[in-house]
Amino acid sequence: MATLVQVENLRKAFGNVRALDGVSFRADAGEWIAIMGPSGSGKTTLINILGGLDTPTAGQAVVDGTDVARLDEAGLTRFRAEKIGFIFQQFHLVPYLTAVENVMLAQYFHSTPDEKEAQQSLERVGLGDRIEHLPAQLSGGEQQRVAVARALINHPKLILADEPTGNLDEANEDIVLSLLRELHAEGHTILMVTHAPSIGRLADRRIEFAHGRLVQAAAASLKPELA
Amino acid sequence: MFWRLVFQLLRGSRGRLTVAILAIVSGAAVISALLNLDLGVQNKLTQEFRALGANIVISPASGAPAQISGAEVPSLMPEHDVLEALQQLPSAQVSAAAPYLYIVARAQNIPVVVAGTWLDQLGKLDATWKLEGNWVASREDQSQCLVGRNVARRLRLAVGDPLELHYLDLSAHCSIAGIVDAGGAEDNQVFASLRAVQSLANLPSQISVAQLSVTGTAQIVADYAARLAATLPQYQVRPIRQVAEAEGALLGRIRLLIVSMVLLILILTALCVLGTMAALAMERRKDVGLMKSLGGSISRIVRIFLAEAGVLGAAGGLVGTILGAALAYWMGLRVFGTSISPRWEVFPATIALMIVVTLAGALPLRMLGDVKPTEILRGE
C-alpha cells in the first residue's frame with residue numbers, strides 16, 4: 001500500500017519542554033493507527049502537527065505528499081480544508097448552527113456547500129431525524145456523530161480523531177467506534193488518539209508515546225522507525 | 001451559506017447584540033431627527049423670515065431733497081427704471097415687489113403719511129400684517145385704500161368709510177377697504193393706489209422707494225441684491241441686513257449645533273458597538289478556533305462577522321431613521337410650531353452612517369485573527 005503519512009525525526013518544543021522529541025513513523029493509506037500513551041506524552045501535539053493546526057520545531061511531517069512543516073498560514077488553512085477530517089473529544093460544534101449547518105460549514109470552507117449531501121452525511125451516521133436540531137438539543141453521542149459527518153463531508157485523505165469517545169457513555173462509544181470501523185472498512189486512513197487499550201486494539205496497529213518519544217509498537221503490521 | 005451563517009450568528013447572539021442594536025436604533029433615530037430638523041427648519045425659517053417683510057429696498061442715491069410744487073420732498077426716482085430692471089432679472093425668486101411713493105397729505109385736516117403703492121402686493125410683502133376688512137385685489141383700483149390702525153383710531157374711521165386726502169391744492173377720495181395692524185410705523189400710514197398718490201402729488205411715474213421680498217437664504221438675497229445693483233447703478237440697492245443676518249446667524253448656529261450633536265452621537269454609538277463587539281469577540285474565540293481548524297481563513301471568517309455588523313447597522317439604521325423622521329415631525333410641531341416633512345435624502349445618509357459606525361465599532365473582531373485553534377481546541 002502507498003504511504004500516506006511519513007514522519008521523520010519530528011520535534012516540537014514549547015520553551016524548554018520537548019513535546020515531541022525525534023518521532024519517526026509512517027502510515028499507509030487505509031491504515032487505522034491508535035496513538036496511545038499517558039497525558040503529556042505528545043500524542044495530541046503529533047495530531048495537531050499532522051492536521052496542520054501547529055507547526056513542528058524540526059523534522060518532516062508529510063501527509064499525502066505535502067510537508068506540513070513547509071506550509072505558510074494560508075497553505076495550512078487550505079491543507080486543513082482539503083486533506084484533513086478532525087474528530088475532537090469535545091465535539092466542537094458551533095452552538096448556533098443546526099446539525100446540517102455544522103456539516104455545511106466544513107463544505108463552505110472547503111468549496112461549495114451542498115445541503116443535500118450534508119443531509120446524506122448525517123443520515124449515514126444515523127441522524128436523519130436530527131438534521132435541523134441545534135447541538136444543545138442533541139445528546140453527546142449524537143453531537144459526536146455530527147462531528148463524524150462533518151469530518152467526512154469533504155472526503156479527507158486523513159481522519160484525525162483525538163479521544164473521539166472520551167466524552168461518551170458506553171452505548172454512544174459503541175456507536176462511534178462502529179462508525180470508525182465502517183470508515184476503516186471503506187478504506188479511510190485514521191489516526192486515533194486514545195487512552196483506552198480496548199479501543200486501541202480495534203486499530204490495525206498501536207504506537208505508544210512517552211515523554212515525546214515513540215516507545216513501543218504493537219501488531220503485526222507495525223512499522224516503527226524509532227529515533 | 002454565507003448569509004445563512006450571518007443570520008444564524010445574529011440569531012445566536014441576539015441577547016448580546018440587543019445592546020448594540022438599541023444603541024444603533026437610538027443613534028440613527030436622533031441623527032435622522034436632527035438632519036430632518038436641520039433641512040426642514042432651514043426651509044421653514046427661510047419662509048418665516050420672508051414673512052417678516054421685504055428684504056431688498058431700492059432707493060434713490062442719497063442727495064439733496066427734491067423741490068416739488070414749492071414743497072420739499074425726499075429724492076425720487078422714475079418708476080419705469082425700477083420696473084425695467086426687475087424685468088431683466090429672473091422673477092422666480094421674487095415673491096412680492098411694490099414701488100412706494102410717500103407723501104405727507106392731510107385727512108380731516110390732520111397730517112398723515114400716505115404711501116402710494118401696489119395695494120395688491122401689500123399682504124404678500126409682509127405676511128405678518130393683520131387686516132380688518134379686505135385686501136385690495138387690483139393695483140389699478142384707485143377707489144379703495146387701506147389705513148393703519150392708529151390712523152383709523154385717530155380719525156375714527158371704520159371699514160367702508162370714505163376718506164378724503166388733501167395735498168397742497170389737490171385732493172383724492174377713496175373708500176376704506178381694510179384697517180392694517182402691522183405693529184410698526186405702517187400703523188400710522190394710509191395706503192392708497194400708487195397712481196392716485198402720484199396724481200395727488202402731481203408726481204406722475206415717480207416713486208420714493210421700491211421694496212422686494214426675495215425667497216431664499218441670506219446669501220441668495222445678497223446675490224440677488226448685487227445683480228440688481230449692477231442693473232441699477234444710479235440707485236441704492238440694499239438687502240435689509242438685520243433680517244438677512246439674523247437668518248444667516250441663526251441658521252449657522254443651528255447647523256453647528258446639529259453637526260456637533262451628530263458627531264457626538266456617532267462617537268457614542270461607535271463606543272457602544274465597540275464594547276459589545278469586544279465582548280462578542282471574546283465569546284466567539286472558540287467558534288473562530290473551530291472554523292480555522294475546519295480550513296476557514298481568517299479573512300473569510302472575519303468577513304462573516306463584518307457582514308453581521310453591516311446587517312446590524314443597516315437594520316438598526318433603517319428602523320432608527322424611520323423613528324427619527326417621526327420624532328422630527330413631532331418636534332417640529334411641538335418645538336417649532338410647524339410640520340417637518342421627512343426628507344428622502346436623510347434615509348440613505350443615516351443608514352450609511354450607521355453601517356460605517358457599526359463597522360468601525362466592529363474593530364475588536366480583528367483580535368480574532370490571533371486566535372490559535374490548538375489553544376481553543378485544548379479548551380484554553
# chains A, B, ... in the order shown; residues from 1 in each chain; ligands from 1

$ interface_residues --of "chain B" --to "chain A" --cutoff "7 Å" --atoms "only C-alpha atoms" --output "compact mmCIF listing (two decimals) with N, CA and C atoms, in the first residue's frame"
# COMPACT_ATOMS: atom_id res chain seq x y z
N MET B 1 -24.75 29.99 1.77
CA MET B 1 -24.30 29.61 3.11
C MET B 1 -23.78 30.82 3.88
N GLN B 8 -27.65 33.25 11.19
CA GLN B 8 -27.60 32.37 12.35
C GLN B 8 -26.75 33.00 13.45
N LEU B 9 -25.68 33.70 13.04
CA LEU B 9 -24.85 34.41 14.01
C LEU B 9 -25.68 35.47 14.73
N GLY B 12 -28.11 33.71 16.96
CA GLY B 12 -27.44 33.08 18.10
C GLY B 12 -26.94 34.07 19.13
N ASP B 287 -15.52 29.62 18.53
CA ASP B 287 -16.09 29.37 17.20
C ASP B 287 -15.05 29.62 16.12
N LEU B 290 -12.49 26.89 15.98
CA LEU B 290 -13.05 25.72 15.31
C LEU B 290 -13.11 25.94 13.79
N SER B 293 -9.84 25.51 12.31
CA SER B 293 -9.44 24.10 12.23
C SER B 293 -10.14 23.39 11.07
N LEU B 294 -11.31 23.91 10.68
CA LEU B 294 -12.04 23.31 9.55
C LEU B 294 -11.54 23.83 8.21
N GLY B 295 -10.55 24.72 8.26
CA GLY B 295 -9.99 25.22 7.00
C GLY B 295 -10.48 26.60 6.62
N GLY B 296 -11.08 27.31 7.57
CA GLY B 296 -11.53 28.67 7.29
C GLY B 296 -10.39 29.65 7.44
N SER B 297 -10.17 30.48 6.40
CA SER B 297 -9.13 31.50 6.52
C SER B 297 -9.68 32.64 7.37
N PRO B 373 -6.07 27.86 16.87
CA PRO B 373 -7.02 26.75 17.01
C PRO B 373 -6.58 25.74 18.07
N THR B 374 -5.28 25.49 18.16
CA THR B 374 -4.83 24.46 19.10
C THR B 374 -5.16 24.86 20.54

$ residues_around --residues "A:Asp67" --least-positions-apart "3" --cutoff "10 Å" --atoms "only C-alpha atoms" --output "VMD selection string"
chain A and resid 5 to 7 50 52 59 to 64 70 to 71

$ select_by_dssp --residues "stretch 141-325 of chain B" --states "alpha helix (DSSP H)" --output "ChimeraX atom specification"
/B:149-155,194-200,218-231,241-283,285-293,298-325

$ write_last_selection --atoms "C-alpha atoms" --output "CSV table (one decimal), in the first residue's frame"
chain,number,residue,atom,x,y,z
B,149,ARG,CA,-54.9,101.2,12.8
B,150,ASN,CA,-53.5,104.3,14.6
B,151,VAL,CA,-54.8,106.5,11.7
B,152,ALA,CA,-58.2,104.7,11.9
B,153,ARG,CA,-58.4,105.3,15.6
B,154,ARG,CA,-57.3,109.0,15.4
B,155,LEU,CA,-59.7,109.8,12.6
B,194,LEU,CA,-49.8,104.4,-6.5
B,195,ARG,CA,-51.5,106.1,-9.5
B,196,ALA,CA,-53.8,108.0,-7.2
B,197,VAL,CA,-51.0,109.3,-5.0
B,198,GLN,CA,-48.9,110.2,-8.0
B,199,SER,CA,-51.8,112.2,-9.3
B,200,LEU,CA,-52.5,113.8,-5.9
B,218,ALA,CA,-29.3,85.3,3.2
B,219,GLN,CA,-26.7,84.5,0.5
B,220,ILE,CA,-29.4,84.2,-2.2
B,221,VAL,CA,-30.9,87.6,-1.1
B,222,ALA,CA,-27.4,89.2,-1.1
B,223,ASP,CA,-26.6,87.8,-4.6
B,224,TYR,CA,-29.9,89.0,-6.0
B,225,ALA,CA,-29.3,92.5,-4.5
B,226,ALA,CA,-25.9,92.6,-6.0
B,227,ARG,CA,-27.3,91.7,-9.5
B,228,LEU,CA,-30.0,94.3,-9.1
B,229,ALA,CA,-27.4,96.9,-8.0
B,230,ALA,CA,-25.4,96.2,-11.2
B,231,THR,CA,-28.5,96.8,-13.3
B,241,ARG,CA,-29.3,93.3,6.7
B,242,GLN,CA,-31.0,92.8,10.1
B,243,VAL,CA,-33.3,90.1,8.7
B,244,ALA,CA,-30.7,88.5,6.4
B,245,GLU,CA,-28.0,88.5,9.0
B,246,ALA,CA,-30.3,87.3,11.8
B,247,GLU,CA,-31.5,84.5,9.5
B,248,GLY,CA,-27.9,83.6,8.5
B,249,ALA,CA,-26.6,83.7,12.1
B,250,LEU,CA,-29.5,81.6,13.4
B,251,LEU,CA,-29.2,79.0,10.7
B,252,GLY,CA,-25.5,78.9,11.2
B,253,ARG,CA,-25.8,78.3,14.9
B,254,ILE,CA,-28.5,75.7,14.4
B,255,ARG,CA,-26.3,73.9,11.9
B,256,LEU,CA,-23.2,74.0,14.1
B,257,LEU,CA,-25.3,72.6,17.0
B,258,ILE,CA,-26.7,69.8,14.9
B,259,VAL,CA,-23.4,68.8,13.3
B,260,SER,CA,-21.8,68.7,16.8
B,261,MET,CA,-24.6,66.6,18.2
B,262,VAL,CA,-24.5,64.2,15.2
B,263,LEU,CA,-20.7,63.7,15.7
B,264,LEU,CA,-21.2,63.2,19.4
B,265,ILE,CA,-23.9,60.6,18.8
B,266,LEU,CA,-21.9,58.8,16.2
B,267,ILE,CA,-18.9,58.6,18.6
B,268,LEU,CA,-21.2,57.3,21.4
B,269,THR,CA,-22.9,54.8,19.1
B,270,ALA,CA,-19.5,53.5,17.9
B,271,LEU,CA,-18.3,53.2,21.5
B,272,CYS,CA,-21.3,51.2,22.5
B,273,VAL,CA,-21.0,48.9,19.5
B,274,LEU,CA,-17.3,48.7,20.2
B,275,GLY,CA,-17.9,47.5,23.8
B,276,THR,CA,-20.5,44.9,22.6
B,277,MET,CA,-18.3,43.6,19.8
B,278,ALA,CA,-15.3,43.3,22.1
B,279,ALA,CA,-17.3,41.1,24.4
B,280,LEU,CA,-18.7,39.2,21.4
B,281,ALA,CA,-15.2,38.7,20.0
B,282,MET,CA,-14.1,37.1,23.3
B,283,GLU,CA,-17.2,34.8,23.2
B,285,ARG,CA,-12.9,32.8,20.0
B,286,LYS,CA,-14.0,29.2,20.4
B,287,ASP,CA,-16.1,29.4,17.2
B,288,VAL,CA,-13.3,31.0,15.3
B,289,GLY,CA,-10.7,28.5,16.5
B,290,LEU,CA,-13.1,25.7,15.3
B,291,MET,CA,-13.7,27.4,12.0
B,292,LYS,CA,-9.9,27.8,11.5
B,293,SER,CA,-9.4,24.1,12.2
B,298,ILE,CA,-9.2,34.4,8.9
B,299,SER,CA,-10.2,36.8,6.2
B,300,ARG,CA,-13.2,34.6,5.3
B,301,ILE,CA,-14.2,34.2,8.9
B,302,VAL,CA,-13.9,38.0,9.7
B,303,ARG,CA,-15.9,38.7,6.5
B,304,ILE,CA,-18.8,36.8,8.1
B,305,PHE,CA,-18.6,38.8,11.3
B,306,LEU,CA,-18.3,42.1,9.4
B,307,ALA,CA,-21.3,41.2,7.3
B,308,GLU,CA,-23.2,40.6,10.5
B,309,ALA,CA,-22.1,44.0,11.8
B,310,GLY,CA,-23.2,45.6,8.5
B,311,VAL,CA,-26.6,43.9,8.6
B,312,LEU,CA,-26.9,45.1,12.2
B,313,GLY,CA,-26.0,48.7,11.2
B,314,ALA,CA,-28.3,48.7,8.2
B,315,ALA,CA,-31.3,47.2,10.1
B,316,GLY,CA,-30.8,49.5,13.1
B,317,GLY,CA,-30.2,52.4,10.8
B,318,LEU,CA,-33.4,51.8,8.8
B,319,VAL,CA,-35.6,51.4,11.9
B,320,GLY,CA,-33.9,54.4,13.6
B,321,THR,CA,-34.3,56.6,10.6
B,322,ILE,CA,-38.0,55.9,10.4
B,323,LEU,CA,-38.4,56.6,14.1
B,324,GLY,CA,-36.2,59.8,13.7
B,325,ALA,CA,-38.5,61.1,10.9

$ select_by_dssp --residues "stretch 24-138 of chain A" --states "strand (DSSP E or B)" --output "ChimeraX atom specification"
/A:24-28,32-36,58-63,66-67,84-87

$ write_last_selection --atoms "C-alpha atoms" --output "compact mmCIF listing (two decimals), in the first residue's frame"
# COMPACT_ATOMS: atom_id res chain seq x y z
CA SER A 24 9.54 8.92 13.10
CA PHE A 25 6.92 6.62 11.69
CA ARG A 26 4.83 6.11 8.60
CA ALA A 27 1.26 5.11 7.90
CA ASP A 28 -0.10 3.53 4.76
CA TRP A 32 -6.10 2.65 11.25
CA ILE A 33 -3.47 3.53 13.82
CA ALA A 34 -4.10 4.03 17.50
CA ILE A 35 -1.75 6.51 19.19
CA MET A 36 -1.53 5.77 22.89
CA ALA A 58 12.19 20.48 13.32
CA GLY A 59 11.75 17.40 11.18
CA GLN A 60 9.30 16.40 8.50
CA ALA A 61 5.60 15.58 8.58
CA VAL A 62 4.48 14.62 5.11
CA VAL A 63 0.78 13.94 4.51
CA THR A 66 2.66 17.66 1.42
CA ASP A 67 5.29 18.53 4.01
CA ILE A 84 -7.93 16.52 6.97
CA GLY A 85 -11.07 15.50 8.81
CA PHE A 86 -10.99 16.20 12.54
CA ILE A 87 -12.98 14.44 15.25

$ residues_around --residues "B:Trp330" --least-positions-apart "4" --cutoff "8 Å" --atoms "only C-alpha atoms" --output "PDB file with C-alpha atoms, in the first residue's frame"
ATOM      1  CA  ALA B 326     -41.465  60.672  13.184  1.00  0.00           C
ATOM      2  CA  ARG B 334     -44.134  70.870  19.453  1.00  0.00           C
ATOM      3  CA  SER B 339     -44.690  70.435  10.442  1.00  0.00           C
TER       4      SER B 339
END

$ atom_distance --atom1 "atom CA of B:Tyr167" --atom2 "atom CA of B:Ile103"
8.4 Å

$ residues_around --residues "B:Gln121" --least-positions-apart "2" --cutoff "12 Å" --atoms "only C-alpha atoms" --output "count of residues only"
32

$ closest_residue --among "A:Ala29, A:Phe14, A:Leu20, A:Ser121" --to "A:Ser41" --atoms "only C-alpha atoms"
A:Leu20

$ closest_residue --among "A:His184, A:Thr55, A:Val215, A:Gly126" --to "A:Ala203" --atoms "only C-alpha atoms"
A:His184

$ closest_residue --among "B:Val147, B:Met331, B:Ile376, B:Ala352" --to "B:Asn36" --atoms "only C-alpha atoms"
B:Met331
